[in-house]
>>> print(open('upload_15.txt').read())   # compact mmCIF, C-alpha atoms and all ligand atoms
# COMPACT_ATOMS: atom_id res chain seq x y z
CA MET A 13 386.80 62.01 354.98
CA THR A 14 385.77 58.35 355.05
CA PHE A 15 386.27 55.96 352.15
CA VAL A 16 382.53 55.96 351.41
CA ASP A 17 382.57 59.80 351.36
CA HIS A 18 385.43 59.59 348.89
CA LEU A 19 383.47 57.14 346.68
CA SER A 20 380.40 59.38 346.88
CA VAL A 21 382.28 62.16 345.08
CA TYR A 22 381.87 60.18 341.85
CA GLY A 23 378.52 60.30 340.05
CA PRO A 24 377.03 57.68 337.69
CA GLY A 25 378.79 59.36 334.74
CA ASP A 26 382.17 59.01 336.43
CA TRP A 27 381.59 55.29 337.03
CA ALA A 28 380.50 54.79 333.42
CA HIS A 29 383.60 56.60 332.16
CA ALA A 30 385.80 54.59 334.51
CA ILE A 31 384.42 51.32 333.09
CA GLU A 32 384.92 52.63 329.55
CA SER A 33 388.54 53.50 330.18
CA LEU A 34 389.24 50.23 332.02
CA THR A 35 387.56 48.02 329.39
CA PRO A 36 390.75 47.14 327.45
CA LYS A 37 392.31 46.02 330.74
CA ILE A 38 389.34 43.90 331.84
CA HIS A 39 389.62 40.20 330.94
CA PRO A 40 387.43 39.41 327.88
CA ILE A 41 385.34 36.96 329.97
CA ASP A 42 383.99 39.92 331.98
CA ARG A 43 384.05 42.81 329.51
CA ASN A 44 380.40 42.51 328.53
CA ALA A 45 379.24 41.28 331.93
CA THR A 46 380.78 44.30 333.65
CA ARG A 47 379.03 46.67 331.23
CA VAL A 48 375.74 44.89 331.78
CA TRP A 49 376.17 45.12 335.57
CA PHE A 50 376.75 48.87 335.42
CA ALA A 51 373.80 49.33 333.03
CA PHE A 52 371.55 47.39 335.46
CA PHE A 53 372.90 49.11 338.58
CA PRO A 54 374.10 52.63 337.61
CA ILE A 55 373.88 53.77 341.24
CA GLY A 56 374.66 50.36 342.75
CA PRO A 57 372.36 47.45 343.60
CA ASN A 58 369.90 47.41 346.48
CA PRO A 59 371.91 46.81 349.65
CA ASP A 60 370.16 43.46 350.15
CA ARG A 61 371.82 42.30 346.93
CA LEU A 62 375.31 43.34 347.92
CA GLU A 63 376.91 39.93 347.49
CA THR A 64 374.50 38.46 344.91
CA SER A 65 374.05 41.14 342.23
CA HIS A 66 377.37 40.31 340.56
CA THR A 67 377.21 36.50 340.43
CA PHE A 68 377.09 36.69 336.62
CA LEU A 69 380.57 38.21 336.53
CA TYR A 70 383.26 35.55 336.22
CA GLY A 71 385.22 37.59 338.77
CA HIS A 72 382.49 36.95 341.37
CA ARG A 73 384.54 33.85 342.24
CA PHE A 74 386.99 36.23 343.86
CA TRP A 75 384.41 38.27 345.78
CA PRO A 76 385.76 37.19 349.22
CA GLN A 77 389.29 38.37 348.40
CA VAL A 78 388.09 41.54 346.67
CA LYS A 79 385.88 42.37 349.63
CA ARG A 80 388.85 41.98 351.96
CA ALA A 81 391.00 44.21 349.73
CA ILE A 82 388.27 46.89 349.74
CA LEU A 83 387.91 46.75 353.52
CA ALA A 84 391.69 47.13 353.81
CA ALA A 85 391.62 50.13 351.46
CA ALA A 86 388.83 51.70 353.54
CA LYS A 87 391.29 51.94 356.43
CA ASP A 88 393.79 54.00 354.41
CA ALA A 89 394.06 57.73 355.05
CA GLN A 90 393.89 58.79 351.42
CA TRP A 91 393.03 57.34 348.04
CA PRO A 92 393.75 58.04 344.35
CA SER A 93 391.47 60.81 343.08
CA VAL A 94 391.18 59.23 339.63
CA LEU A 95 388.50 56.51 339.80
CA PRO A 96 390.05 53.99 337.35
CA GLU A 97 393.30 54.27 339.29
CA LEU A 98 391.52 53.57 342.57
CA ILE A 99 389.75 50.51 341.10
CA SER A 100 393.01 49.23 339.57
CA ARG A 101 394.96 49.66 342.79
CA ILE A 102 392.46 47.68 344.87
CA ALA A 103 392.23 44.95 342.22
CA GLU A 104 396.03 44.79 342.19
CA HIS A 105 396.02 44.45 345.96
CA ALA A 106 393.53 41.55 345.72
CA THR A 107 395.81 39.64 343.31
CA ARG A 108 398.05 38.87 346.29
CA THR A 109 395.47 36.42 347.59
CA THR A 110 393.58 35.32 344.45
CA GLN A 111 396.51 33.88 342.46
CA VAL A 112 394.96 35.28 339.28
CA ASP A 113 395.88 38.32 337.22
CA ARG A 114 394.37 41.72 337.79
CA ASP A 115 392.37 41.62 334.56
CA GLN A 116 390.02 39.05 336.12
CA LEU A 117 389.44 41.26 339.16
CA LEU A 118 388.79 44.71 337.69
CA GLY A 119 385.09 44.15 336.93
CA ILE A 120 384.20 42.63 340.31
CA THR A 121 386.26 45.28 342.11
CA ALA A 122 384.46 48.12 340.33
CA ALA A 123 381.04 46.54 340.98
CA SER A 124 381.88 45.92 344.64
CA LEU A 125 383.05 49.50 345.15
CA LEU A 126 379.83 50.94 343.74
CA SER A 127 377.88 48.49 345.92
CA LEU A 128 379.79 49.78 348.95
CA ARG A 129 379.07 53.38 347.98
CA ARG A 130 375.34 52.75 348.03
CA ALA A 131 375.12 50.39 351.01
CA GLY A 132 377.64 52.01 353.33
CA LEU A 133 380.57 50.43 355.13
CA GLU A 134 378.57 48.77 357.90
CA ALA A 135 376.27 46.85 355.55
CA PHE A 136 379.17 46.04 353.23
CA ASN A 137 381.16 44.66 356.13
CA ALA A 138 378.17 42.62 357.33
CA SER A 139 377.41 41.10 353.91
CA SER A 140 378.24 37.45 353.27
CA SER A 141 381.88 36.91 352.35
CA ALA A 142 381.16 33.60 350.64
CA VAL A 143 381.05 32.99 346.90
CA GLN A 144 377.37 32.87 345.96
CA LEU A 145 377.68 30.07 343.41
CA PRO A 146 377.20 26.31 343.63
CA SER A 147 380.57 24.57 343.91
CA TRP A 148 380.37 22.94 340.46
CA SER A 149 379.94 26.38 338.89
CA HIS A 150 382.52 27.98 341.12
CA VAL A 151 385.31 25.75 339.82
CA ARG A 152 384.59 26.17 336.12
CA SER A 153 387.46 27.53 334.09
CA ILE A 154 387.24 30.58 331.88
CA ARG A 155 387.48 28.30 328.87
CA GLN A 156 384.52 26.18 330.06
CA VAL A 157 382.38 29.24 330.72
CA ARG A 158 383.26 30.79 327.40
CA ARG A 159 382.49 27.61 325.48
CA ALA A 160 379.04 27.30 327.07
CA ARG A 161 378.27 30.97 326.59
CA ALA A 162 378.08 31.50 322.87
CA SER A 163 378.37 29.56 319.65
CA GLN A 164 376.66 29.31 316.35
CA ARG A 165 376.19 25.53 316.34
CA PRO A 166 372.56 24.59 315.85
CA ARG A 167 371.21 21.87 318.16
CA PRO A 168 371.38 18.21 317.06
CA LEU A 169 368.49 17.07 314.86
CA GLY A 170 368.21 20.70 313.80
CA ALA A 171 367.74 19.69 310.20
CA LEU A 172 364.75 17.57 311.21
CA PHE A 173 362.93 19.96 313.52
CA GLY A 174 364.23 23.30 312.33
CA LYS A 175 367.21 25.13 313.76
CA ARG A 176 367.18 25.76 317.48
CA PHE A 177 369.50 27.87 319.55
CA ARG A 178 370.28 27.62 323.22
CA VAL A 179 369.59 30.51 325.57
CA ARG A 180 371.09 30.26 329.06
CA PHE A 181 369.47 32.62 331.54
CA SER A 182 371.55 31.77 334.60
CA GLU A 183 374.99 30.28 334.13
CA ALA A 184 375.01 28.99 337.70
CA THR A 185 371.84 26.91 337.21
CA PRO A 186 372.16 24.05 334.70
CA GLU A 187 368.42 23.85 334.08
CA ALA A 188 368.14 27.59 333.42
CA LYS A 189 368.18 27.24 329.68
CA CYS A 190 365.71 27.06 326.83
CA ASP A 191 365.91 26.39 323.12
CA VAL A 192 364.63 28.98 320.70
CA VAL A 193 363.45 28.05 317.24
CA ASP A 194 365.21 29.95 314.47
CA GLY A 195 363.35 33.22 313.95
CA ALA A 196 361.55 33.26 317.33
CA THR A 197 362.21 35.73 320.14
CA ILE A 198 363.99 34.87 323.38
CA GLY A 199 360.88 35.95 325.28
CA SER A 200 358.72 33.35 323.53
CA ALA A 201 360.95 30.50 324.75
CA LEU A 202 361.45 31.53 328.38
CA PRO A 203 359.46 29.61 331.03
CA PRO A 204 356.04 31.30 331.51
CA ALA A 205 356.97 32.50 335.03
CA LEU A 206 359.86 34.47 333.57
CA GLN A 207 357.99 36.02 330.69
CA ALA A 208 357.82 39.61 331.83
CA CYS A 209 355.47 40.74 329.07
CA GLY A 210 352.01 39.55 328.13
CA ASP A 211 350.46 39.74 324.68
CA SER A 212 352.29 42.95 323.96
CA CYS A 213 355.69 44.07 325.21
CA SER A 214 355.50 46.27 328.29
CA GLY A 215 359.22 47.00 328.27
CA ALA A 216 359.67 44.89 331.41
CA CYS A 217 361.49 42.07 329.66
CA ILE A 218 364.90 43.73 329.80
CA ILE A 219 367.84 41.37 329.50
CA GLY A 220 371.60 41.81 329.61
CA VAL A 221 373.58 39.79 327.10
CA ILE A 222 376.84 38.45 328.52
CA GLY A 223 377.62 36.06 325.68
CA GLY A 224 376.65 35.93 322.01
CA ALA A 225 375.38 39.50 321.56
CA GLU A 226 376.56 39.22 317.97
CA TYR A 227 374.10 36.35 317.43
CA LEU A 228 371.02 38.45 318.11
CA SER A 229 368.85 40.18 315.54
CA PRO A 230 369.72 43.88 315.08
CA MET A 231 367.90 46.26 317.38
CA THR A 232 364.80 47.74 315.77
CA THR A 233 363.71 51.34 316.23
CA VAL A 234 360.70 50.13 318.24
CA GLU A 235 362.92 48.18 320.64
CA ALA A 236 365.37 51.08 321.02
CA ARG A 237 362.50 53.48 321.70
CA GLN A 238 360.98 51.18 324.30
CA LEU A 239 364.29 50.82 326.13
CA GLN A 240 364.78 54.57 326.03
CA SER A 241 361.30 55.34 327.32
CA GLY A 242 361.93 52.94 330.23
CA GLY A 243 365.01 54.95 331.16
CA GLN A 244 367.27 51.96 330.64
CA ILE A 245 370.91 52.76 329.98
CA VAL A 246 371.98 51.07 326.76
CA VAL A 247 375.53 49.82 326.42
CA LYS A 248 377.37 48.06 323.63
CA SER A 249 380.10 45.47 323.40
CA VAL A 250 383.54 46.46 322.15
CA SER A 251 382.47 45.25 318.70
CA GLY A 252 379.37 47.48 318.79
CA ASP A 253 376.61 44.94 319.56
CA PRO A 254 373.94 46.15 322.01
CA LEU A 255 374.18 44.34 325.35
CA ILE A 256 370.86 45.49 326.81
CA ARG A 257 367.90 44.12 324.89
CA LEU A 258 364.22 43.28 325.22
CA ALA A 259 363.52 39.53 325.34
CA CYS A 260 360.31 40.10 323.37
CA HIS A 261 362.27 41.59 320.48
CA ALA A 262 365.67 39.88 320.34
CA ARG A 263 365.82 36.84 318.04
CA PRO A 264 368.89 34.60 318.38
CA HIS A 265 370.66 32.92 315.48
CA GLY A 266 373.32 31.34 317.70
CA ASP A 267 373.67 30.28 321.34
CA VAL A 268 373.55 33.16 323.81
CA SER A 269 373.87 33.71 327.53
CA ILE A 270 371.68 36.33 329.16
CA VAL A 271 370.85 37.83 332.54
CA LEU A 272 367.26 38.80 333.36
CA ARG A 273 367.18 42.25 334.91
CA ALA A 274 364.21 41.32 337.04
CA THR A 275 366.11 38.57 338.86
ZN ZN B 1 358.74 42.53 326.26
>>> encode(input="upload_15.txt", output="structure tokens")
Amino acid sequence: MTFVDHLSVYGPGDWAHAIESLTPKIHPIDRNATRVWFAFFPIGPNPDRLETSHTFLYGHRFWPQVKRAILAAAKDAQWPSVLPELISRIAEHATRTTQVDRDQLLGITAASLLSLRRAGLEAFNASSSAVQLPSWSHVRSIRQVRRARASQRPRPLGALFGKRFRVRFSEATPEAKCDVVDGATIGSALPPALQACGDSCSGACIIGVIGGAEYLSPMTTVEARQLQSGGQIVVKSVSGDPLIRLACHARPHGDVSIVLRAT
């Protein structure tokens, strides 16, 4: 049996359960991002997005080392049958070259393994081994990323022009941000090219919330129904806030960081 055959034994439910059980061990910076990734890619990303689908995970910075650890594991003769144990063991192996603790590597390791399962070993091996982030973003510390991700501070001059909140829609692109007036939806503030819905919501404006989920308006029945009818897996943060939302419905009352599913 090859390593990919071994990975293929696990179905989407097994991967979801594995992420659930590993969540307390995943570093807080990637707890929500990992859940969003698995909600977006329950059977793995398209093979042409092997090295780019997980750039919104902080652990993506360690993709080259994690990829190497996975390729080394693929040469073993046997593997742990329990999926969380397999993910943990490979992440542990990668810590030898990353100089960071395993908690920062669990999310990217799990995402990379599911990517391998879908793409196959040849494509995985051939994918770029470089970090897919600009260098300024690559070197940001966890504290810097966390600070930019979510807060409840209104923008300066808020009292004059009404409260505004910042929405970042790609942490690796400084200009990928917009300000949302208090009470407006995220969708209304996104650049026109990124507004997935027209006059009425088509359900195409799905976003993953990797920071500040607690600063979004509660999910309405209409939004929940629309997500459900689109077949989108809905996941929540540890504190119970939905992480998969519709941009046309979610209204921020604090700064948030999101990922557009369409990109
Ligand atoms: Zn919409």
>>> residues_near_ligand(input="upload_15.txt", ligand="ligand ZN 1 (chain B)", cutoff="12 Å", atoms="only C-alpha atoms and all ligand atoms", output="mmCIF file with C-alpha atoms, in the frame of the given file")
data_model
loop_
_atom_site.group_PDB
_atom_site.id
_atom_site.type_symbol
_atom_site.label_atom_id
_atom_site.label_comp_id
_atom_site.auth_asym_id
_atom_site.auth_seq_id
_atom_site.Cartn_x
_atom_site.Cartn_y
_atom_site.Cartn_z
ATOM 1 C CA THR A 197 362.210 35.730 320.140
ATOM 2 C CA ILE A 198 363.990 34.870 323.380
ATOM 3 C CA GLY A 199 360.880 35.950 325.280
ATOM 4 C CA SER A 200 358.720 33.350 323.530
ATOM 5 C CA LEU A 202 361.450 31.530 328.380
ATOM 6 C CA LEU A 206 359.860 34.470 333.570
ATOM 7 C CA GLN A 207 357.990 36.020 330.690
ATOM 8 C CA ALA A 208 357.820 39.610 331.830
ATOM 9 C CA CYS A 209 355.470 40.740 329.070
ATOM 10 C CA GLY A 210 352.010 39.550 328.130
ATOM 11 C CA ASP A 211 350.460 39.740 324.680
ATOM 12 C CA SER A 212 352.290 42.950 323.960
ATOM 13 C CA CYS A 213 355.690 44.070 325.210
ATOM 14 C CA SER A 214 355.500 46.270 328.290
ATOM 15 C CA GLY A 215 359.220 47.000 328.270
ATOM 16 C CA ALA A 216 359.670 44.890 331.410
ATOM 17 C CA CYS A 217 361.490 42.070 329.660
ATOM 18 C CA ILE A 218 364.900 43.730 329.800
ATOM 19 C CA ILE A 219 367.840 41.370 329.500
ATOM 20 C CA VAL A 234 360.700 50.130 318.240
ATOM 21 C CA GLU A 235 362.920 48.180 320.640
ATOM 22 C CA GLN A 238 360.980 51.180 324.300
ATOM 23 C CA LEU A 239 364.290 50.820 326.130
ATOM 24 C CA GLY A 242 361.930 52.940 330.230
ATOM 25 C CA ARG A 257 367.900 44.120 324.890
ATOM 26 C CA LEU A 258 364.220 43.280 325.220
ATOM 27 C CA ALA A 259 363.520 39.530 325.340
ATOM 28 C CA CYS A 260 360.310 40.100 323.370
ATOM 29 C CA HIS A 261 362.270 41.590 320.480
ATOM 30 C CA ALA A 262 365.670 39.880 320.340
ATOM 31 C CA LEU A 272 367.260 38.800 333.360
#
>>> residues_around(input="upload_15.txt", residues="Thr14 (chain A)", least_positions_apart="3", cutoff="12 Å", atoms="only C-alpha atoms", output="ChimeraX atom specification")
/A:17-21,83,85-91,129,132-133
>>> closest_residue(input="upload_15.txt", among="A:Gly23, A:Gly266, A:Gly56, A:Pro146", to="Arg161 (chain A)", atoms="only C-alpha atoms")
A:Gly266
>>> closest_residue(input="upload_15.txt", among="A:Ser269, A:Ser140, A:Gln240, A:Cys190", to="Val157 (chain A)", atoms="only C-alpha atoms")
A:Ser269
>>> closest_residue(input="upload_15.txt", among="A:Ile38, A:Ile270, A:Ala142, A:Leu98", to="Leu125 (chain A)", atoms="only C-alpha atoms")
A:Leu98
>>> closest_residue(input="upload_15.txt", among="A:Leu62, A:Ala122, A:Val246, A:Ile99", to="Gln144 (chain A)", atoms="only C-alpha atoms")
A:Leu62
>>> closest_residue(input="upload_15.txt", among="A:Pro254, A:Pro264, A:Gly71, A:Pro76", to="Asp42 (chain A)", atoms="all atoms listed in the file")
A:Gly71
>>> residues_around(input="upload_15.txt", residues="Thr35 (chain A)", least_positions_apart="6", cutoff="10 Å", atoms="all atoms listed in the file", output="PyMOL selection string")
chain A and resi 29+42-44+46-47+115+118-119+249-250
>>> write_last_selection(input="upload_15.txt", atoms="C-alpha atoms", output="compact mmCIF listing (two decimals), in the frame of the given file")
# COMPACT_ATOMS: atom_id res chain seq x y z
CA HIS A 29 383.60 56.60 332.16
CA ASP A 42 383.99 39.92 331.98
CA ARG A 43 384.05 42.81 329.51
CA ASN A 44 380.40 42.51 328.53
CA THR A 46 380.78 44.30 333.65
CA ARG A 47 379.03 46.67 331.23
CA ASP A 115 392.37 41.62 334.56
CA LEU A 118 388.79 44.71 337.69
CA GLY A 119 385.09 44.15 336.93
CA SER A 249 380.10 45.47 323.40
CA VAL A 250 383.54 46.46 322.15
>>> residues_around(input="upload_15.txt", residues="Lys189 (chain A)", least_positions_apart="3", cutoff="8 Å", atoms="all atoms listed in the file", output="ChimeraX atom specification")
/A:178-182,186
>>> residues_around(input="upload_15.txt", residues="Ala162 (chain A)", least_positions_apart="4", cutoff="7 Å", atoms="only C-alpha atoms", output="ChimeraX atom specification")
/A:158,223-224,267-269
>>> residues_around(input="upload_15.txt", residues="Asp253 (chain A)", least_positions_apart="4", cutoff="7 Å", atoms="all atoms listed in the file", output="PDB file with C-alpha atoms, keeping the file's coordinate frame")
ATOM      1  CA  ALA A 225     375.380  39.500 321.560  1.00  0.00           C
ATOM      2  CA  GLU A 226     376.560  39.220 317.970  1.00  0.00           C
ATOM      3  CA  LYS A 248     377.370  48.060 323.630  1.00  0.00           C
ATOM      4  CA  SER A 249     380.100  45.470 323.400  1.00  0.00           C
TER       5      SER A 249
END
>>> closest_residue(input="upload_15.txt", among="A:Ala188, A:Ile41, A:Ala138, A:Val94", to="Leu117 (chain A)", atoms="only C-alpha atoms")
A:Ile41
